[in-house]
>>> print(open('protein_15.cif').read())   # mmCIF, C-alpha atoms and all ligand atoms
data_data
#
loop_
_atom_site.label_atom_id
_atom_site.label_comp_id
_atom_site.auth_asym_id
_atom_site.auth_seq_id
_atom_site.Cartn_x
_atom_site.Cartn_y
_atom_site.Cartn_z
CA MET A 1 -27.76 6.38 14.06
CA GLY A 2 -24.99 8.56 15.54
CA PHE A 3 -22.36 6.37 13.97
CA PHE A 4 -23.34 7.48 10.47
CA LYS A 5 -23.81 11.14 11.18
CA ASN A 6 -22.20 13.72 8.92
CA LEU A 7 -20.36 11.21 6.84
CA PHE A 8 -19.38 12.40 3.43
CA ILE A 9 -20.98 9.50 1.64
CA LYS A 10 -23.56 9.85 -1.10
CA GLU A 11 -27.01 8.42 -0.28
CA ASP A 12 -26.73 5.56 -2.79
CA ARG A 13 -23.44 4.39 -1.25
CA ARG A 14 -24.73 4.39 2.32
CA THR A 15 -25.38 0.66 2.12
CA ASP A 16 -21.59 0.17 1.92
CA LEU A 17 -21.19 2.28 5.00
CA GLU A 18 -23.77 0.21 6.83
CA LYS A 19 -21.71 -2.90 6.12
CA ILE A 20 -18.85 -1.54 8.21
CA ASP A 21 -18.43 -3.34 11.50
CA PRO A 22 -17.96 -0.58 14.11
CA GLU A 23 -16.16 -3.08 16.35
CA LYS A 24 -13.46 -3.68 13.73
CA ILE A 25 -12.54 -0.18 12.68
CA PRO A 26 -8.76 0.02 12.00
CA LYS A 27 -7.14 1.90 14.88
CA HIS A 28 -4.49 3.40 12.65
CA ILE A 29 -4.79 4.16 8.93
CA ALA A 30 -1.75 5.42 7.00
CA ILE A 31 -2.10 6.98 3.56
CA ILE A 32 0.46 7.69 0.85
CA MET A 33 -1.25 10.67 -0.78
CA ASP A 34 0.02 10.10 -4.31
CA GLY A 35 -1.03 11.02 -7.84
CA ASN A 36 -1.54 14.79 -7.54
CA GLY A 37 0.81 15.53 -10.43
CA ARG A 38 -0.81 13.03 -12.81
CA TRP A 39 -4.28 14.26 -11.80
CA ALA A 40 -3.23 17.78 -12.84
CA LYS A 41 -1.51 16.62 -16.02
CA LYS A 42 -4.66 14.86 -17.17
CA ARG A 43 -6.40 18.23 -16.95
CA SER A 44 -3.51 20.23 -18.48
CA LEU A 45 -3.06 22.03 -15.17
CA PRO A 46 0.20 22.79 -13.32
CA ARG A 47 1.30 20.19 -10.75
CA SER A 48 0.61 22.72 -7.99
CA ALA A 49 -3.11 22.62 -8.95
CA GLY A 50 -2.99 18.87 -8.30
CA HIS A 51 -1.54 19.43 -4.84
CA LYS A 52 -4.24 21.98 -4.10
CA ALA A 53 -6.95 19.54 -5.20
CA GLY A 54 -5.29 16.95 -2.97
CA VAL A 55 -6.01 19.13 0.05
CA GLU A 56 -9.74 18.95 -0.72
CA ALA A 57 -9.59 15.16 -0.66
CA LEU A 58 -7.71 15.33 2.61
CA ARG A 59 -10.44 17.40 4.24
CA GLU A 60 -13.07 14.75 3.48
CA VAL A 61 -10.87 11.84 4.53
CA ILE A 62 -10.07 13.44 7.90
CA LYS A 63 -13.77 14.04 8.57
CA THR A 64 -14.71 10.51 7.61
CA CYS A 65 -11.97 8.99 9.79
CA SER A 66 -12.98 11.17 12.67
CA ASN A 67 -16.65 10.18 12.36
CA LEU A 68 -15.78 6.51 12.11
CA ASN A 69 -13.72 6.78 15.31
CA VAL A 70 -10.41 5.89 13.70
CA GLN A 71 -7.82 6.79 16.34
CA TYR A 72 -4.76 7.60 14.20
CA LEU A 73 -4.46 8.81 10.62
CA THR A 74 -0.92 9.15 9.27
CA LEU A 75 -0.52 11.13 6.06
CA TYR A 76 2.58 10.99 3.89
CA ALA A 77 2.80 14.61 2.76
CA PHE A 78 6.51 15.13 1.95
CA SER A 79 9.28 12.55 1.83
CA THR A 80 13.02 12.97 2.38
CA GLU A 81 13.32 12.27 -1.37
CA ASN A 82 10.80 14.91 -2.42
CA TRP A 83 13.48 17.63 -2.07
CA LYS A 84 14.70 16.39 -5.47
CA ARG A 85 11.72 18.09 -7.10
CA PRO A 86 12.02 21.52 -8.75
CA GLU A 87 12.37 24.32 -6.22
CA GLU A 88 9.14 25.86 -7.44
CA GLU A 89 7.17 22.70 -6.65
CA VAL A 90 8.79 22.27 -3.24
CA SER A 91 7.93 25.83 -2.30
CA ALA A 92 4.35 25.42 -3.60
CA LEU A 93 3.99 22.37 -1.33
CA MET A 94 5.38 24.23 1.69
CA ASN A 95 3.07 27.19 1.03
CA LEU A 96 0.13 24.83 0.76
CA LEU A 97 1.01 23.31 4.12
CA VAL A 98 1.06 26.76 5.73
CA TYR A 99 -2.21 27.71 4.05
CA TYR A 100 -3.84 24.41 5.05
CA LEU A 101 -2.88 24.61 8.72
CA ARG A 102 -3.81 28.29 8.98
CA ASN A 103 -7.24 27.76 7.45
CA GLU A 104 -8.22 24.41 8.89
CA ILE A 105 -6.84 24.41 12.38
CA GLN A 106 -9.84 26.01 14.08
CA GLU A 107 -12.27 23.52 12.59
CA LEU A 108 -9.97 20.59 13.30
CA ASN A 109 -9.66 21.75 16.88
CA GLU A 110 -13.43 22.13 17.26
CA ASN A 111 -13.73 18.53 16.08
CA ASN A 112 -11.34 17.29 18.79
CA VAL A 113 -8.61 16.42 16.23
CA ARG A 114 -5.01 16.37 17.47
CA ILE A 115 -2.25 17.35 15.04
CA ASN A 116 1.22 15.83 15.16
CA THR A 117 4.11 15.48 12.74
CA LEU A 118 6.51 12.67 11.88
CA GLY A 119 9.84 13.40 10.29
CA ASP A 120 12.87 15.63 10.47
CA ILE A 121 10.78 18.79 10.44
CA ASN A 122 13.57 21.18 11.37
CA LYS A 123 14.62 21.24 7.72
CA LEU A 124 11.28 22.80 6.75
CA PRO A 125 11.00 26.55 6.15
CA ASN A 126 10.37 28.71 9.22
CA THR A 127 6.91 29.75 8.06
CA ALA A 128 5.87 26.09 8.07
CA LEU A 129 7.47 25.42 11.46
CA ILE A 130 5.54 28.29 13.02
CA GLU A 131 2.19 26.93 11.82
CA ILE A 132 3.07 23.37 12.84
CA GLU A 133 4.00 24.47 16.34
CA ALA A 134 0.84 26.52 16.70
CA ALA A 135 -1.32 23.62 15.46
CA GLN A 136 0.32 21.15 17.82
CA LYS A 137 0.03 23.47 20.76
CA LEU A 138 -3.62 24.27 20.12
CA THR A 139 -4.71 20.66 19.68
CA ARG A 140 -2.41 18.83 22.11
CA ASN A 141 -5.12 18.04 24.67
CA ASN A 142 -7.67 16.84 22.12
CA THR A 143 -8.82 13.28 22.53
CA GLY A 144 -10.34 12.46 19.13
CA LEU A 145 -8.57 11.50 15.91
CA THR A 146 -4.79 12.05 15.92
CA VAL A 147 -3.56 13.19 12.52
CA ASN A 148 0.16 12.57 12.02
CA ILE A 149 1.50 14.55 9.08
CA ALA A 150 4.70 12.98 7.73
CA LEU A 151 6.91 15.85 6.61
CA ASN A 152 10.50 15.45 5.47
CA TYR A 153 9.83 11.89 6.50
CA GLY A 154 11.93 8.92 5.41
CA GLY A 155 11.65 5.46 6.91
CA ARG A 156 15.37 4.81 6.52
CA LEU A 157 16.32 8.14 8.07
CA GLU A 158 13.98 7.40 10.98
CA ILE A 159 15.69 4.05 11.60
CA ILE A 160 19.18 5.57 11.34
CA ASN A 161 18.23 8.31 13.81
CA ALA A 162 16.90 5.70 16.24
CA VAL A 163 20.10 3.66 15.93
CA LYS A 164 22.21 6.75 16.60
CA SER A 165 20.29 7.77 19.71
CA ILE A 166 20.41 4.22 21.09
CA CYS A 167 24.18 4.02 20.38
CA ILE A 168 24.71 7.18 22.38
CA LYS A 169 22.86 5.66 25.33
CA VAL A 170 25.01 2.53 25.13
CA ILE A 171 28.21 4.59 24.95
CA ASN A 172 27.08 6.61 27.96
CA LYS A 173 26.32 3.32 29.75
CA GLU A 174 22.68 4.30 30.25
CA ILE A 175 21.59 0.91 28.92
CA GLU A 176 23.02 -2.55 28.21
CA VAL A 177 22.99 -3.85 24.63
CA ASP A 178 20.77 -6.73 25.74
CA GLN A 179 18.06 -4.29 26.78
CA ILE A 180 17.48 -3.37 23.13
CA ASP A 181 14.38 -5.19 21.96
CA GLU A 182 11.62 -4.38 19.49
CA ARG A 183 9.69 -2.35 22.02
CA TYR A 184 12.75 -0.34 23.04
CA PHE A 185 13.66 0.32 19.42
CA SER A 186 10.09 1.40 18.55
CA ASP A 187 10.23 3.93 21.36
CA HIS A 188 13.06 5.71 19.51
CA LEU A 189 11.06 6.23 16.34
CA TYR A 190 8.95 9.27 15.47
CA THR A 191 5.93 7.03 16.07
CA LYS A 192 6.72 6.46 19.75
CA ASN A 193 3.38 5.74 21.50
CA VAL A 194 1.53 5.31 18.19
CA PRO A 195 0.33 1.77 17.40
CA ASP A 196 1.55 0.30 14.09
CA PRO A 197 -0.74 1.03 11.13
CA ASP A 198 -3.46 -1.55 10.61
CA LEU A 199 -4.19 -0.38 7.11
CA VAL A 200 -1.93 1.36 4.56
CA ILE A 201 -3.66 2.97 1.59
CA ARG A 202 -1.83 3.97 -1.59
CA PRO A 203 -3.79 5.48 -4.44
CA SER A 204 -2.37 6.44 -7.88
CA GLY A 205 -1.61 2.95 -9.16
CA GLU A 206 1.91 2.65 -7.77
CA LEU A 207 2.58 -0.63 -6.00
CA ARG A 208 5.43 0.43 -3.76
CA ILE A 209 6.06 1.83 -0.31
CA SER A 210 8.44 4.71 -1.21
CA ASN A 211 10.30 4.77 2.13
CA PHE A 212 7.13 5.10 4.25
CA LEU A 213 7.00 3.67 7.80
CA LEU A 214 9.39 0.83 6.98
CA TRP A 215 9.60 -0.52 10.52
CA GLN A 216 5.95 0.03 11.45
CA ILE A 217 4.31 -1.77 8.50
CA ALA A 218 5.66 -5.24 9.36
CA TYR A 219 2.12 -6.63 9.69
CA SER A 220 -0.01 -3.89 8.13
CA GLU A 221 -2.69 -4.67 5.56
CA PHE A 222 -2.34 -2.88 2.21
CA TRP A 223 -4.97 -1.39 -0.04
CA PHE A 224 -3.95 -0.07 -3.45
CA SER A 225 -6.10 1.79 -5.95
CA LYS A 226 -5.54 3.37 -9.35
CA ILE A 227 -7.46 6.48 -8.35
CA PHE A 228 -5.37 9.65 -8.08
CA TRP A 229 -5.31 11.19 -4.61
CA PRO A 230 -7.36 14.33 -5.50
CA ASP A 231 -10.21 12.01 -6.57
CA PHE A 232 -10.06 10.03 -3.33
CA ASN A 233 -13.06 10.51 -1.00
CA GLY A 234 -15.01 9.03 1.89
CA GLU A 235 -16.50 6.35 -0.34
CA TYR A 236 -13.09 4.97 -1.28
CA LEU A 237 -12.12 5.06 2.35
CA VAL A 238 -15.19 2.98 3.21
CA GLU A 239 -14.28 0.57 0.40
CA ALA A 240 -10.77 0.19 1.81
CA ILE A 241 -12.06 -0.34 5.35
CA LEU A 242 -14.57 -2.97 4.18
CA ASP A 243 -11.80 -4.77 2.33
CA TYR A 244 -9.63 -4.59 5.45
CA GLN A 245 -12.43 -5.98 7.62
CA GLY A 246 -12.59 -9.04 5.39
CA ARG A 247 -8.89 -9.86 5.80
CA ASP A 248 -7.57 -12.59 8.05
CA ARG A 249 -4.63 -11.18 10.02
CA ARG A 250 -2.56 -14.15 11.13
CA TYR A 251 0.70 -12.46 12.22
CA GLY A 252 2.59 -15.58 11.29
CA GLY A 253 0.35 -17.89 13.26
CA ALA A 254 -1.54 -20.92 11.98
CA LYS A 255 -5.21 -20.79 11.14
C1 LIG B 301 1.89 13.26 -4.22
O1 LIG B 301 1.62 13.47 -5.56
C2 LIG B 301 2.29 14.51 -3.50
C3 LIG B 301 3.68 14.52 -3.03
C4 LIG B 301 4.59 13.60 -3.25
C5 LIG B 301 4.08 15.65 -2.23
P1 LIG B 301 2.77 13.51 -6.64
O2 LIG B 301 3.23 14.93 -6.78
O3 LIG B 301 3.82 12.52 -6.36
O4 LIG B 301 1.95 13.10 -7.94
P2 LIG B 301 2.46 12.16 -9.11
O5 LIG B 301 2.92 10.88 -8.50
O6 LIG B 301 3.57 12.90 -9.79
O7 LIG B 301 1.27 11.98 -9.98
C1 LIG B 302 5.49 9.25 -1.99
O1 LIG B 302 5.16 9.62 -3.27
C2 LIG B 302 5.65 10.45 -1.12
C3 LIG B 302 4.43 11.18 -0.81
C4 LIG B 302 3.21 10.90 -1.20
C5 LIG B 302 4.61 12.31 0.05
P1 LIG B 302 6.26 9.86 -4.39
O2 LIG B 302 5.51 10.31 -5.59
O3 LIG B 302 7.32 10.76 -3.89
O4 LIG B 302 6.86 8.41 -4.58
P2 LIG B 302 7.54 7.74 -5.84
O5 LIG B 302 8.62 8.67 -6.32
O6 LIG B 302 6.49 7.54 -6.87
O7 LIG B 302 8.06 6.42 -5.35
MG MG B 303 4.04 10.57 -6.84
#
>>> encode(input="protein_15.cif", output="structure tokens")
Amino acid sequence: MGFFKNLFIKEDRRTDLEKIDPEKIPKHIAIIMDGNGRWAKKRSLPRSAGHKAGVEALREVIKTCSNLNVQYLTLYAFSTENWKRPEEEVSALMNLLVYYLRNEIQELNENNVRINTLGDINKLPNTALIEIEAAQKLTRNNTGLTVNIALNYGGRLEIINAVKSICIKVINKEIEVDQIDERYFSDHLYTKNVPDPDLVIRPSGELRISNFLLWQIAYSEFWFSKIFWPDFNGEYLVEAILDYQGRDRRYGGAK
């Protein structure tokens, strides 16, 4: 069956995959890629080795999402708080981003993947900005999976920026205060035109949101796992999707 083609799932776990209802695939999956440092520590490796291993996991997750016809995948790669880390780690992460985009962009493009970013990216080093721009330009007309990479992203900063730009419009009398509703506000976020995440995945055992998509997750379903991000793979993704498909999303309504 075409639906199962090229999925990175071991033969003995294919039964799980077959349980997935293709009609109820989450449109938008958001992932907090966490646990790289602890994965490395467990192996007495430097934290940068954990980040590198995290990229391998990412490759498989993107392919699996693409093959399952997920429409949006948002990846938390670097938060506004991650600048607090040692300079050496920050620069290893930025170099990894450059390396990743440079090496993967052709294949992503051939697979109809569109690359976008969320966050205040202008604070990133120039080398990273050049690769991001090239990746966005190359893939902008693709119609398959959209991968949003959250870089220098903070949910609170995003909301503050939206408030500021709306205030300016009010001051300039472009809009009336009463015109501001949820839809209007959403259109001033980085995620303009992106539906809210259906499913948020956080590996690594932490049970918190760490300033990720604060506005957008109002009615998202959550899936937590103790697995460190570099050990994450297509099978865990299938597990999360199956769990999601069994949830009853009521949005405040009565059953
Ligand atoms: C996630 O892994 C990667 C980034 C935040 C960039 P961590 O580096 O946070 O790994 P832990 O949480 O220390 O294990
Ligand atoms: C969240 O992980 C940010 C990313 C995965 C990019 P952190 O490791 O920064 O979050 P905390 O510090 O555990 O909350
Ligand atoms: Mg962490």
>>> residues_near_ligand(input="protein_15.cif", ligand="ligand MG 303 (chain B)", cutoff="12 Å", atoms="only C-alpha atoms and all ligand atoms", output="count of residues only")
31
>>> closest_atom_pairs(input="protein_15.cif", of="stretch 57-143 of chain A", to="stretch 182-196 of chain A", cutoff="10 Å", atoms="only C-alpha atoms", output="JSON lines")
{"residue": "A:Gln71", "atom": "CA", "partner": "A:Pro195", "partner_atom": "CA", "distance": 9.6}
{"residue": "A:Tyr72", "atom": "CA", "partner": "A:Val194", "partner_atom": "CA", "distance": 7.8}
{"residue": "A:Thr74", "atom": "CA", "partner": "A:Thr191", "partner_atom": "CA", "distance": 9.9}
{"residue": "A:Thr117", "atom": "CA", "partner": "A:Tyr190", "partner_atom": "CA", "distance": 8.3}
{"residue": "A:Leu118", "atom": "CA", "partner": "A:Tyr190", "partner_atom": "CA", "distance": 5.5}
{"residue": "A:Gly119", "atom": "CA", "partner": "A:Tyr190", "partner_atom": "CA", "distance": 6.7}
{"residue": "A:Asp120", "atom": "CA", "partner": "A:Tyr190", "partner_atom": "CA", "distance": 9.0}
>>> closest_residue(input="protein_15.cif", among="A:Asn211, A:Asn148, A:Thr80, A:Asn103", to="A:His28", atoms="only C-alpha atoms")
A:Asn148
>>> atom_distance(input="protein_15.cif", atom1="atom CA of A:Asn109", atom2="atom CA of A:Leu96")
19.1 Å
>>> closest_residue(input="protein_15.cif", among="A:Lys173, A:Lys164, A:Lys226, A:Arg13", to="ligand LIG 301 (chain B)", atoms="all atoms listed in the file")
A:Lys226
>>> atom_distance(input="protein_15.cif", atom1="atom CA of A:Arg156", atom2="atom CA of A:Arg249")
25.8 Å
>>> closest_residue(input="protein_15.cif", among="A:Lys42, A:Lys19, A:Arg14, A:Lys24", to="ligand LIG 301 (chain B)", atoms="all atoms listed in the file")
A:Lys42
>>> residues_around(input="protein_15.cif", residues="A:Lys27", least_positions_apart="6", cutoff="12 Å", atoms="only C-alpha atoms", output="JSON, numbers by chain")
{"A": [65, 66, 68, 69, 70, 71, 72, 73, 74, 144, 145, 146, 194, 195, 196, 197, 198, 199, 200, 220, 241, 244, 245]}
>>> atom_distance(input="protein_15.cif", atom1="atom CA of A:Val147", atom2="atom CA of A:Glu133")
14.1 Å
>>> closest_residue(input="protein_15.cif", among="A:Lys52, A:Arg102, A:Arg59, A:Lys255", to="ligand LIG 301 (chain B)", atoms="all atoms listed in the file")
A:Lys52
>>> closest_residue(input="protein_15.cif", among="A:Leu214, A:Leu242, A:Ala53, A:Ala92", to="A:Pro22", atoms="all atoms listed in the file")
A:Leu242
>>> axis_aligned_box(input="protein_15.cif", around="ligand LIG 302 (chain B)", padding_each_side="8 Å", output="lines of an AutoDock Vina configuration file")
center_x = 5.9
center_y = 9.4
center_z = -3.4
size_x = 21.4
size_y = 21.9
size_z = 22.9
>>> build_atoms(input="protein_15.cif", residues="stretch 94-105 of chain A", atoms="all heavy atoms", output="mmCIF file, in the coordinates of the input")
data_model
loop_
_atom_site.group_PDB
_atom_site.id
_atom_site.type_symbol
_atom_site.label_atom_id
_atom_site.label_comp_id
_atom_site.auth_asym_id
_atom_site.auth_seq_id
_atom_site.Cartn_x
_atom_site.Cartn_y
_atom_site.Cartn_z
ATOM 1 N N MET A 94 5.199 23.640 0.347
ATOM 2 C CA MET A 94 5.380 24.230 1.690
ATOM 3 C C MET A 94 4.333 25.324 1.931
ATOM 4 O O MET A 94 3.771 25.437 3.021
ATOM 5 C CB MET A 94 6.800 24.790 1.860
ATOM 6 C CG MET A 94 7.890 23.733 1.809
ATOM 7 S SD MET A 94 7.668 22.467 3.073
ATOM 8 C CE MET A 94 8.578 21.109 2.373
ATOM 9 N N ASN A 95 4.083 26.125 0.887
ATOM 10 C CA ASN A 95 3.070 27.190 1.030
ATOM 11 C C ASN A 95 1.682 26.598 1.270
ATOM 12 O O ASN A 95 0.893 27.137 2.046
ATOM 13 C CB ASN A 95 3.027 28.074 -0.219
ATOM 14 C CG ASN A 95 4.271 28.935 -0.323
ATOM 15 O OD1 ASN A 95 4.960 29.167 0.672
ATOM 16 N ND2 ASN A 95 4.568 29.402 -1.525
ATOM 17 N N LEU A 96 1.426 25.490 0.609
ATOM 18 C CA LEU A 96 0.130 24.830 0.760
ATOM 19 C C LEU A 96 -0.041 24.303 2.191
ATOM 20 O O LEU A 96 -1.126 24.388 2.764
ATOM 21 C CB LEU A 96 0.040 23.685 -0.256
ATOM 22 C CG LEU A 96 -1.337 23.122 -0.540
ATOM 23 C CD1 LEU A 96 -2.280 24.195 -1.054
ATOM 24 C CD2 LEU A 96 -1.237 21.987 -1.565
ATOM 25 N N LEU A 97 1.052 23.803 2.753
ATOM 26 C CA LEU A 97 1.010 23.310 4.120
ATOM 27 C C LEU A 97 0.652 24.447 5.085
ATOM 28 O O LEU A 97 -0.208 24.307 5.959
ATOM 29 C CB LEU A 97 2.375 22.692 4.488
ATOM 30 C CG LEU A 97 2.570 22.285 5.933
ATOM 31 C CD1 LEU A 97 1.703 21.075 6.283
ATOM 32 C CD2 LEU A 97 4.046 21.955 6.219
ATOM 33 N N VAL A 98 1.316 25.596 4.883
ATOM 34 C CA VAL A 98 1.060 26.760 5.730
ATOM 35 C C VAL A 98 -0.398 27.196 5.590
ATOM 36 O O VAL A 98 -1.116 27.398 6.580
ATOM 37 C CB VAL A 98 2.015 27.924 5.342
ATOM 38 C CG1 VAL A 98 1.607 29.229 6.020
ATOM 39 C CG2 VAL A 98 3.456 27.548 5.696
ATOM 40 N N TYR A 99 -0.845 27.287 4.347
ATOM 41 C CA TYR A 99 -2.210 27.710 4.050
ATOM 42 C C TYR A 99 -3.211 26.734 4.681
ATOM 43 O O TYR A 99 -4.190 27.138 5.309
ATOM 44 C CB TYR A 99 -2.374 27.755 2.522
ATOM 45 C CG TYR A 99 -3.775 27.909 2.029
ATOM 46 C CD1 TYR A 99 -4.338 29.176 1.835
ATOM 47 C CD2 TYR A 99 -4.555 26.783 1.735
ATOM 48 C CE1 TYR A 99 -5.637 29.316 1.384
ATOM 49 C CE2 TYR A 99 -5.854 26.910 1.282
ATOM 50 C CZ TYR A 99 -6.393 28.175 1.106
ATOM 51 O OH TYR A 99 -7.680 28.296 0.668
ATOM 52 N N TYR A 100 -2.936 25.440 4.518
ATOM 53 C CA TYR A 100 -3.840 24.410 5.050
ATOM 54 C C TYR A 100 -3.971 24.534 6.566
ATOM 55 O O TYR A 100 -5.072 24.603 7.109
ATOM 56 C CB TYR A 100 -3.355 23.003 4.665
ATOM 57 C CG TYR A 100 -4.149 21.914 5.321
ATOM 58 C CD1 TYR A 100 -5.413 21.596 4.867
ATOM 59 C CD2 TYR A 100 -3.653 21.230 6.439
ATOM 60 C CE1 TYR A 100 -6.178 20.618 5.487
ATOM 61 C CE2 TYR A 100 -4.408 20.262 7.070
ATOM 62 C CZ TYR A 100 -5.665 19.953 6.591
ATOM 63 O OH TYR A 100 -6.408 18.998 7.229
ATOM 64 N N LEU A 101 -2.828 24.572 7.249
ATOM 65 C CA LEU A 101 -2.880 24.610 8.720
ATOM 66 C C LEU A 101 -3.562 25.893 9.199
ATOM 67 O O LEU A 101 -4.401 25.859 10.099
ATOM 68 C CB LEU A 101 -1.468 24.495 9.307
ATOM 69 C CG LEU A 101 -0.826 23.102 9.194
ATOM 70 C CD1 LEU A 101 0.603 23.133 9.692
ATOM 71 C CD2 LEU A 101 -1.633 22.052 9.980
ATOM 72 N N ARG A 102 -3.225 27.010 8.563
ATOM 73 C CA ARG A 102 -3.810 28.290 8.980
ATOM 74 C C ARG A 102 -5.331 28.272 8.834
ATOM 75 O O ARG A 102 -6.049 28.739 9.696
ATOM 76 C CB ARG A 102 -3.239 29.389 8.082
ATOM 77 C CG ARG A 102 -2.681 30.532 8.888
ATOM 78 C CD ARG A 102 -2.081 31.577 7.986
ATOM 79 N NE ARG A 102 -0.654 31.684 8.212
ATOM 80 C CZ ARG A 102 0.192 32.286 7.392
ATOM 81 N NH1 ARG A 102 -0.235 32.813 6.254
ATOM 82 N NH2 ARG A 102 1.467 32.362 7.686
ATOM 83 N N ASN A 103 -5.811 27.714 7.743
ATOM 84 C CA ASN A 103 -7.240 27.760 7.450
ATOM 85 C C ASN A 103 -8.058 26.672 8.111
ATOM 86 O O ASN A 103 -9.254 26.845 8.320
ATOM 87 C CB ASN A 103 -7.478 27.716 5.939
ATOM 88 C CG ASN A 103 -7.153 29.039 5.325
ATOM 89 O OD1 ASN A 103 -7.910 29.994 5.441
ATOM 90 N ND2 ASN A 103 -5.980 29.109 4.721
ATOM 91 N N GLU A 104 -7.437 25.551 8.400
ATOM 92 C CA GLU A 104 -8.220 24.410 8.890
ATOM 93 C C GLU A 104 -8.128 24.200 10.384
ATOM 94 O O GLU A 104 -8.928 23.458 10.949
ATOM 95 C CB GLU A 104 -7.751 23.118 8.206
ATOM 96 C CG GLU A 104 -7.793 23.135 6.707
ATOM 97 C CD GLU A 104 -9.201 23.056 6.137
ATOM 98 O OE1 GLU A 104 -10.028 22.311 6.694
ATOM 99 O OE2 GLU A 104 -9.459 23.754 5.139
ATOM 100 N N ILE A 105 -7.120 24.813 11.009
ATOM 101 C CA ILE A 105 -6.840 24.410 12.380
ATOM 102 C C ILE A 105 -7.992 24.649 13.353
ATOM 103 O O ILE A 105 -8.238 23.826 14.240
ATOM 104 C CB ILE A 105 -5.494 25.035 12.878
ATOM 105 C CG1 ILE A 105 -4.994 24.286 14.102
ATOM 106 C CG2 ILE A 105 -5.597 26.524 13.137
ATOM 107 C CD1 ILE A 105 -4.692 22.835 13.876
#
